[in-house]
Each structure stands twice: as C-alpha cells, then as structure tokens.
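*Asks:* Next up, protein.csv (CSV, C-alpha atoms and all ligand atoms).
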```csv
chain,number,residue,atom,x,y,z
A,1,MET,CA,172.4,-29.6,51.2
A,2,LEU,CA,169.6,-29.7,53.7
A,3,SER,CA,170.5,-31.2,57.2
A,4,PHE,CA,168.2,-32.6,59.8
A,5,ASN,CA,168.5,-33.8,63.4
A,6,THR,CA,166.9,-37.2,64.2
A,7,ASP,CA,165.5,-36.4,67.7
A,8,GLY,CA,162.1,-35.2,66.5
A,9,ASP,CA,159.0,-37.2,65.3
A,10,PHE,CA,159.8,-40.8,64.4
A,11,LYS,CA,157.7,-40.4,61.2
A,12,ASP,CA,160.3,-38.0,59.8
A,13,ASN,CA,163.1,-40.5,60.5
A,14,TYR,CA,161.0,-43.3,59.0
A,15,LYS,CA,160.6,-41.3,55.8
A,16,PHE,CA,164.3,-40.7,55.5
A,17,LEU,CA,164.9,-44.5,56.0
A,18,ILE,CA,162.4,-45.6,53.4
A,19,GLY,CA,163.3,-42.9,50.9
A,20,SER,CA,167.0,-43.6,51.1
A,21,ILE,CA,167.4,-47.3,51.6
A,22,LEU,CA,165.9,-48.6,48.4
A,23,PRO,CA,165.0,-50.8,46.6
A,24,ARG,CA,164.4,-52.9,49.7
A,25,PRO,CA,164.0,-56.7,49.4
A,26,ILE,CA,160.8,-58.0,51.0
A,27,ALA,CA,160.8,-60.9,53.4
A,28,VAL,CA,157.3,-62.4,53.8
A,29,VAL,CA,157.6,-64.0,57.2
A,30,SER,CA,155.4,-67.0,58.1
A,31,THR,CA,155.1,-68.0,61.7
A,32,LEU,CA,152.7,-70.0,64.0
A,33,ASN,CA,150.3,-68.3,66.3
A,34,GLU,CA,149.8,-69.6,69.9
A,35,ASN,CA,146.6,-71.4,68.8
A,36,GLY,CA,148.4,-73.2,65.9
A,37,THR,CA,147.0,-70.9,63.2
A,38,ASN,CA,149.3,-69.3,60.6
A,39,ASN,CA,150.5,-65.8,60.6
A,40,VAL,CA,152.0,-64.1,57.5
A,41,ALA,CA,153.4,-60.6,57.2
A,42,PRO,CA,155.9,-58.7,54.9
A,43,PHE,CA,158.9,-56.9,56.1
A,44,SER,CA,161.2,-54.7,54.0
A,45,PHE,CA,163.7,-53.9,56.7
A,46,PHE,CA,165.4,-57.1,55.7
A,47,THR,CA,168.9,-58.2,54.7
A,48,ALA,CA,171.6,-61.0,54.6
A,49,ILE,CA,174.1,-61.2,57.5
A,50,SER,CA,176.3,-64.2,57.2
A,51,ALA,CA,176.8,-67.0,54.6
A,52,SER,CA,178.3,-69.7,57.0
A,53,PRO,CA,176.4,-70.0,59.2
A,54,MET,CA,173.7,-68.8,56.9
A,55,ILE,CA,172.0,-65.9,58.8
A,56,ILE,CA,169.4,-63.3,57.7
A,57,ALA,CA,167.9,-60.4,59.7
A,58,PHE,CA,164.8,-58.3,59.6
A,59,SER,CA,163.2,-55.6,61.8
A,60,PRO,CA,159.6,-55.5,62.9
A,61,LEU,CA,158.9,-52.0,64.4
A,62,ILE,CA,156.5,-51.4,67.3
A,63,ARG,CA,153.0,-51.1,65.8
A,64,THR,CA,152.0,-47.5,65.4
A,65,ALA,CA,148.3,-48.1,65.9
A,66,THR,CA,148.6,-49.9,69.3
A,67,GLY,CA,152.1,-49.3,70.6
A,68,LYS,CA,152.5,-53.1,70.9
A,69,ILE,CA,154.9,-55.6,69.5
A,70,LYS,CA,153.7,-57.1,66.1
A,71,ASP,CA,152.4,-60.7,65.8
A,72,THR,CA,155.5,-61.9,63.9
A,73,PRO,CA,158.2,-61.2,66.5
A,74,ARG,CA,155.7,-62.3,69.3
A,75,ASN,CA,155.5,-65.7,67.6
A,76,ILE,CA,159.2,-66.0,66.8
A,77,ILE,CA,160.2,-65.2,70.4
A,78,ARG,CA,157.7,-67.8,71.7
A,79,GLN,CA,158.0,-70.6,69.2
A,80,GLY,CA,161.6,-70.1,67.8
A,81,GLU,CA,161.0,-70.7,64.1
A,82,PHE,CA,160.0,-68.8,61.0
A,83,VAL,CA,160.0,-69.0,57.2
A,84,ILE,CA,161.2,-66.2,54.9
A,85,ASN,CA,159.2,-66.4,51.7
A,86,PHE,CA,160.4,-64.3,48.7
A,87,VAL,CA,158.2,-62.1,46.5
A,88,SER,CA,158.0,-62.3,42.7
A,89,GLU,CA,155.9,-59.7,40.8
A,90,ASP,CA,152.9,-62.0,40.4
A,91,ILE,CA,152.2,-62.4,44.1
A,92,ALA,CA,152.8,-58.7,45.0
A,93,ASN,CA,149.1,-58.0,45.6
A,94,GLN,CA,148.6,-61.0,47.8
A,95,VAL,CA,151.7,-60.1,49.8
A,96,ASN,CA,150.4,-56.6,50.2
A,97,GLU,CA,147.1,-58.1,51.5
A,98,CYS,CA,149.1,-59.9,54.2
A,99,SER,CA,150.2,-56.6,55.7
A,100,CYS,CA,146.7,-55.9,56.9
A,101,GLU,CA,146.6,-55.7,60.7
A,102,LEU,CA,144.3,-58.6,61.6
A,103,ALA,CA,143.4,-59.6,65.2
A,104,TYR,CA,146.0,-61.9,66.7
A,105,GLY,CA,145.3,-65.5,65.7
A,106,GLU,CA,143.6,-64.7,62.3
A,107,ASP,CA,145.2,-66.5,59.4
A,108,GLU,CA,146.5,-64.3,56.5
A,109,PHE,CA,146.7,-67.3,54.2
A,110,LYS,CA,142.9,-67.2,54.3
A,111,THR,CA,142.5,-63.4,53.6
A,112,SER,CA,145.2,-63.2,50.9
A,113,GLY,CA,144.4,-66.4,48.9
A,114,LEU,CA,148.0,-67.7,49.3
A,115,THR,CA,148.4,-71.4,50.0
A,116,PRO,CA,150.2,-72.9,53.0
A,117,LEU,CA,152.8,-75.6,52.3
A,118,ALA,CA,154.4,-77.7,55.0
A,119,SER,CA,158.1,-77.1,55.8
A,120,ASP,CA,160.7,-79.9,56.0
A,121,ILE,CA,162.4,-79.1,59.3
A,122,ILE,CA,160.4,-76.4,61.1
A,123,LYS,CA,156.7,-76.1,62.1
A,124,PRO,CA,155.6,-72.9,60.4
A,125,ASN,CA,154.3,-73.3,56.9
A,126,ARG,CA,155.8,-72.0,53.7
A,127,ILE,CA,153.9,-70.0,50.9
A,128,LYS,CA,153.4,-72.4,48.0
A,129,GLU,CA,153.2,-69.5,45.4
A,130,SER,CA,156.5,-68.1,46.5
A,131,LEU,CA,159.5,-69.3,44.4
A,132,ILE,CA,162.1,-69.2,47.2
A,133,HIS,CA,161.7,-70.2,50.9
A,134,PHE,CA,164.2,-70.1,53.7
A,135,GLU,CA,163.3,-72.3,56.8
A,136,CYS,CA,164.8,-70.4,59.8
A,137,LYS,CA,165.6,-71.0,63.4
A,138,PHE,CA,165.5,-67.9,65.6
A,139,ARG,CA,169.0,-66.8,66.7
A,140,ASP,CA,169.1,-63.3,68.2
A,141,ARG,CA,167.0,-60.3,69.2
A,142,LEU,CA,168.4,-56.8,69.6
A,143,ASN,CA,165.7,-54.6,71.0
A,144,TYR,CA,165.9,-50.8,70.4
A,145,GLY,CA,163.0,-49.7,72.6
A,146,ASP,CA,159.3,-50.2,73.4
A,147,ASN,CA,158.1,-46.8,71.9
A,148,VAL,CA,156.2,-46.5,68.7
A,149,GLY,CA,158.7,-46.4,65.8
A,150,ALA,CA,161.3,-48.5,67.7
A,151,GLY,CA,162.7,-51.4,65.8
A,152,GLN,CA,164.2,-54.7,66.9
A,153,LEU,CA,166.6,-56.8,64.9
A,154,ILE,CA,165.5,-60.4,64.6
A,155,THR,CA,168.1,-62.8,63.2
A,156,GLY,CA,167.5,-66.4,62.1
A,157,GLU,CA,169.7,-69.2,60.9
A,158,VAL,CA,168.6,-70.6,57.6
A,159,VAL,CA,168.5,-74.4,58.1
A,160,LYS,CA,166.9,-75.3,54.7
A,161,VAL,CA,166.5,-73.5,51.3
A,162,HIS,CA,163.9,-74.3,48.8
A,163,VAL,CA,164.1,-72.9,45.2
A,164,SER,CA,161.7,-73.5,42.4
A,165,GLU,CA,163.3,-75.4,39.5
A,166,ASP,CA,161.7,-72.8,37.2
A,167,ILE,CA,164.2,-70.1,38.3
A,168,TYR,CA,167.3,-72.3,39.1
A,169,GLU,CA,169.9,-73.0,36.5
A,170,GLN,CA,173.5,-74.4,37.0
A,171,GLY,CA,173.6,-73.5,40.6
A,172,ARG,CA,172.3,-69.9,40.2
A,173,ILE,CA,169.0,-68.2,40.7
A,174,ILE,CA,168.1,-66.4,37.5
A,175,THR,CA,166.9,-62.9,38.3
A,176,GLU,CA,164.9,-62.5,35.1
A,177,LYS,CA,163.0,-65.7,35.9
A,178,PHE,CA,162.6,-65.0,39.6
A,179,GLN,CA,161.2,-61.5,38.9
A,180,PRO,CA,161.7,-60.2,42.4
A,181,ILE,CA,159.9,-57.1,43.5
A,182,GLY,CA,161.1,-54.7,46.2
A,183,ARG,CA,159.7,-51.9,48.3
A,184,GLY,CA,160.3,-48.2,47.8
A,185,ALA,CA,159.1,-45.1,49.6
A,186,GLY,CA,155.4,-44.6,50.4
A,187,ASN,CA,153.3,-47.0,48.3
A,188,ASP,CA,156.1,-47.6,45.7
A,189,TRP,CA,157.1,-51.1,44.7
A,190,ILE,CA,160.1,-51.6,42.5
A,191,ARG,CA,160.6,-54.2,39.7
A,192,CYS,CA,164.1,-55.6,38.9
A,193,THR,CA,163.7,-55.5,35.1
A,194,ASP,CA,166.5,-53.1,34.1
A,195,LEU,CA,169.7,-54.8,35.1
A,196,ILE,CA,173.2,-53.6,34.3
A,197,GLN,CA,176.5,-55.5,34.6
A,198,LEU,CA,179.7,-54.0,36.1
A,199,GLU,CA,182.8,-56.2,36.1
A,200,ARG,CA,184.6,-56.6,39.5
A,201,LYS,CA,188.0,-55.0,39.3
A,202,MET,CA,189.9,-57.4,41.5
A,203,LYS,CA,189.8,-61.1,40.9
A,204,ALA,CA,190.2,-61.8,44.6
A,205,GLN,CA,186.9,-59.9,45.3
A,206,MET,CA,184.8,-62.0,43.0
A,207,GLN,CA,182.4,-64.3,44.8
A,208,LYS,CA,181.5,-66.9,42.3
B,1,LIG,C1,156.0,-54.4,51.5
B,1,LIG,C2,155.8,-54.2,52.9
B,1,LIG,C3,156.9,-54.1,53.7
B,1,LIG,C4,156.8,-53.9,55.1
B,1,LIG,N1,157.9,-53.8,55.9
B,1,LIG,C5,157.8,-53.7,57.2
B,1,LIG,C6,159.0,-53.6,58.0
B,1,LIG,O1,160.1,-53.8,57.6
B,1,LIG,N2,158.8,-53.5,59.4
B,1,LIG,C7,157.6,-53.4,60.0
B,1,LIG,O2,157.5,-53.3,61.2
B,1,LIG,N3,156.5,-53.4,59.2
B,1,LIG,C8,156.5,-53.5,57.9
B,1,LIG,N4,155.4,-53.6,57.1
B,1,LIG,C9,154.1,-53.6,57.8
B,1,LIG,C10,153.7,-55.0,58.3
B,1,LIG,O3,153.7,-55.9,57.3
B,1,LIG,C11,152.4,-54.9,59.1
B,1,LIG,O4,152.5,-54.1,60.2
B,1,LIG,C12,151.8,-56.3,59.5
B,1,LIG,O5,150.5,-56.1,59.9
B,1,LIG,C13,152.6,-56.9,60.5
B,1,LIG,O6,151.9,-58.2,60.8
B,1,LIG,P1,152.1,-59.0,62.1
B,1,LIG,O7,151.4,-58.2,63.2
B,1,LIG,O8,151.3,-60.2,61.7
B,1,LIG,O9,153.5,-59.3,62.3
B,1,LIG,C14,155.5,-53.7,55.7
B,1,LIG,C15,154.4,-53.8,54.9
B,1,LIG,C16,154.5,-54.0,53.5
B,1,LIG,C17,153.3,-54.0,52.6
```
How does the structure come out when it is put into structure tokens?
Ligand SMILES: Cc1cc2nc3c(=O)[nH]c(=O)nc-3n(C[C@H](O)[C@H](O)[C@H](O)COP(=O)(O)O)c2cc1C
*Replies:*
Amino acid sequence: MLSFNTDGDFKDNYKFLIGSILPRPIAVVSTLNENGTNNVAPFSFFTAISASPMIIAFSPLIRTATGKIKDTPRNIIRQGEFVINFVSEDIANQVNECSCELAYGEDEFKTSGLTPLASDIIKPNRIKESLIHFECKFRDRLNYGDNVGAGQLITGEVVKVHVSEDIYEQGRIITEKFQPIGRGAGNDWIRCTDLIQLERKMKAQMQK
C-alpha cells in the first residue's frame, strides 16, 4: 500500500477525502442574506447525526478563491435558520448551477431557474423542485481554522420535514421514486439506480 502524511498541501488531503468518502449525499442549503435575498448552495460534506432530537450536519470549507467564510455559514451564524433541500437526478444541473460563487447578496434561485417556496416555521425559503425539505434551526458550530481548506461543522435541528407524496408510501421514502443523486470525486455525480439488499443478521439491530 502507499502511505501519505496529511501535513502537506490541503488539496492532497481534499482529494483523499472526496475520493474515499463516496457516494456523498448532497445538501442544498437555502438561507437568507442580510438584505433579505435568497442564498442557495450545495454541500456534500453532509450527514445525519441524531434522530431524536433530529440533527443533521454539514461542513462549508473556507473558500479557496478568497480565503473567506462562505455565504451559507455567514447567513446561518447571523440569522440562525436554514433549509436542507435534497437532490433528485432531474434537478442535478440546476443544483450544480447553485455552486457558482456569486457576489454576496445575489440570488441563486434567479441564476439556476429553481423556484423559492415559503417554509412553514422558518424564514429561509425551500426549493419547490426538490422532493424532500428539512426546515432547520442552527444548533452548533465547530470551527477547525480560518485557513483555506479548513472546514467547520454546522449542525441544525430539523423542526419540520416535507416529503413529496409522489415518493412517500406507507411511511417510507421510496428510493426508486426519489432518485437521489450523490457526489463523487472530481466532477463525478453518482446515481442510486443499482440497489442490493442484505438482511440484517440480528433482529435487535433492525431499525424499522
Ligand atoms: C455537488 C457539490 C457539492 C459541494 N460540496 C461542498 C462542501 O461540502 N463544502 C464546501 O465548502 N463546498 C462545497 N461545494 C462548493 C460550494 O457549493 C460553493 O463553494 C458555493 O459557492 C458556496 O456558496 P455560498 O458562498 O453561497 O455558501 C460543493 C459544490 C457542489 C457542486
């Protein structure tokens, strides 16, 4: 095996992360800018943390081009709320468009063609074309530095879940209908179209 230390260029570490941790689910995070306009951006350093309370986490890195914090965490730290919108195959291109680094205050709904939809509990808008939305209240921030490549863990408590009736049957989200798409290494995106089933060995481990 080849072995590497991690104290060199952050880009090498980044390539190990994105080449190893995959497929990564994508959180499209919508927030409100200071002037009240919308901000929308995808993040694939994203996972579930806790079921009760319902907590998710994602990590926006310091922006390589500017060395500054990204607009999404800036808005969440200030305003305290965000929506996680999930990505089905048919909106992958628009989501990719939302990753463009626009000037602060510019609305990615306008540049991507996605449609804002009011949330029930929080102020930031949801994405109408997305099939699952989590309305979240900001919980914690763990900051790992201010240098380029440094990440920060942002957690949020999900206070409301919205699921399209088209993908929801008998209390379950149907993967084949949801058609989620994940992120791979480089420019790779990964479909979930080749599922296999493995039975859990111990009944006590089964989470029905
Ligand atoms: C599918 C996808 C996943 C991404 N995941 C991340 C991520 O996990 N962390 C990150 O800092 N940037 C990630 N990016 C880049 C951000 O989306 C990009 O920097 C964006 O401009 C941030 O927007 P903001 O400044 O409005 O927050 C990703 C881009 C794409 C297309």
*Asks:* Considering only C-alpha atoms, return as a VMD selection string whatever protein or nucleic-acid residues lie within 12 Å of region 171-181 of chain A, sequence-local ones (same chain, fewer than 2 positions apart) excluded.
*Replies:* chain A and resid 22 to 28 44 85 to 93 95 to 96 129 to 132 162 to 169 183 to 184 188 to 196 208
*Asks:* Show me, as a list in words, the residues that have an atom within 8 Å of Pro116 (chain A) when counting only C-alpha atoms, minus same-chain residues fewer than 5 positions from it.
*Replies:*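 Counting only C-alpha atoms, the residues come to Phe109, Asn125, Arg126, Ile127 and Lys128 of chain A.
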*Asks:* Give me, as CSV, the closest atom pair and its distance (Å, one decimal) for every residue of chain A within a cut-off of 8 Å of ligand LIG 1 (chain B), counting all atoms listed in the file, rows sorted by chain and rising number.
*Replies:*
```
residue,atom,partner,partner_atom,distance
A:Ile26,CA,B:LIG1,C1,6.0
A:Ala27,CA,B:LIG1,C3,7.8
A:Asn39,CA,B:LIG1,O8,5.8
A:Val40,CA,B:LIG1,O8,5.8
A:Ala41,CA,B:LIG1,O6,4.6
A:Pro42,CA,B:LIG1,O3,4.3
A:Phe43,CA,B:LIG1,N1,3.3
A:Ser44,CA,B:LIG1,O1,3.9
A:Phe45,CA,B:LIG1,O1,3.7
A:Phe46,CA,B:LIG1,O1,6.5
A:Phe58,CA,B:LIG1,O1,6.8
A:Ser59,CA,B:LIG1,N2,5.4
A:Pro60,CA,B:LIG1,O2,3.5
A:Leu61,CA,B:LIG1,O2,3.7
A:Ile62,CA,B:LIG1,O2,6.5
A:Arg63,CA,B:LIG1,O4,6.4
A:Ile69,CA,B:LIG1,O7,7.7
A:Lys70,CA,B:LIG1,O7,3.9
A:Asp71,CA,B:LIG1,O7,3.7
A:Thr72,CA,B:LIG1,O9,3.6
A:Pro73,CA,B:LIG1,O9,6.6
A:Arg74,CA,B:LIG1,O9,7.9
A:Val95,CA,B:LIG1,C17,6.9
A:Asn96,CA,B:LIG1,C17,4.6
A:Glu97,CA,B:LIG1,C17,7.5
A:Cys98,CA,B:LIG1,O3,6.8
A:Ser99,CA,B:LIG1,O3,3.9
A:Cys100,CA,B:LIG1,O5,4.8
A:Glu101,CA,B:LIG1,O5,4.0
A:Leu102,CA,B:LIG1,O5,6.9
A:Tyr104,CA,B:LIG1,O7,7.4
A:Gly151,CA,B:LIG1,O2,7.2
A:Gly182,CA,B:LIG1,C1,7.4
A:Arg183,CA,B:LIG1,C1,5.5
A:Trp189,CA,B:LIG1,C1,7.6
```
*Asks:* Take CA of Gly80 (chain A) and CA of Lys137 (chain A) and report the distance between them in Å, one decimal.
*Replies:*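 Taking CA of Gly80 (chain A) and CA of Lys137 (chain A), their separation equals 6.0 Å.
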*Asks:* Using CA of Val159 (chain A) and CA of Ile122 (chain A) as the two end points, give the distance in Å to one decimal.
*Replies:*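 Taking CA of Val159 (chain A) as the start and CA of Ile122 (chain A) as the end point, the length is 8.9 Å.
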*Asks:* In Å to one decimal, how far is CA of Asp146 (chain A) from CA of Asp9 (chain A)?
*Replies:* 15.3 Å
*Asks:* When you count all atoms listed in the file, which of these residues is closest to Asn13 (chain A): A:Gly113, A:Gly186, A:Gly149, A:Gly36?
*Replies:*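 Among the listed residues, the smallest separation from Asn13 (chain A) belongs to A:Gly149.
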*Asks:* Near Glu81 (chain A), counting all atoms listed in the file, which residues have an atom at most 8 Å away, once you skip same-chain residues fewer than 5 positions from it, shown as an MDAnalysis selection string?
*Replies:* chainID A and resid 31 76 122:124 135:138
*Asks:* If you count all atoms listed in the file, which residues fall within 6 Å of Asn38 (chain A), apart from same-chain ones fewer than 5 positions away, as a list in words?
*Replies:*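 Listing them by chain and then by number gives Leu32, Asn33 and Asp107 of chain A.
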*Asks:* Given the selection you just returned, output its residues as a file containing C-alpha atoms, formatted as a compact mmCIF listing (two decimals), keeping the file's coordinate frame.
*Replies:*
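Listed below is the output, part-v6.txt:
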```txt
# COMPACT_ATOMS: atom_id res chain seq x y z
CA LEU A 32 152.70 -70.00 64.00
CA ASN A 33 150.30 -68.30 66.30
CA ASP A 107 145.20 -66.50 59.40
```
*Asks:* Please identify all polymer residues lying at most 7 Å from the point (167.7, -60.6, 64.2) (file coordinates), using only C-alpha atoms, and present the result as a ChimeraX atom specification.
*Replies:* /A:57-58,139-142,153-156
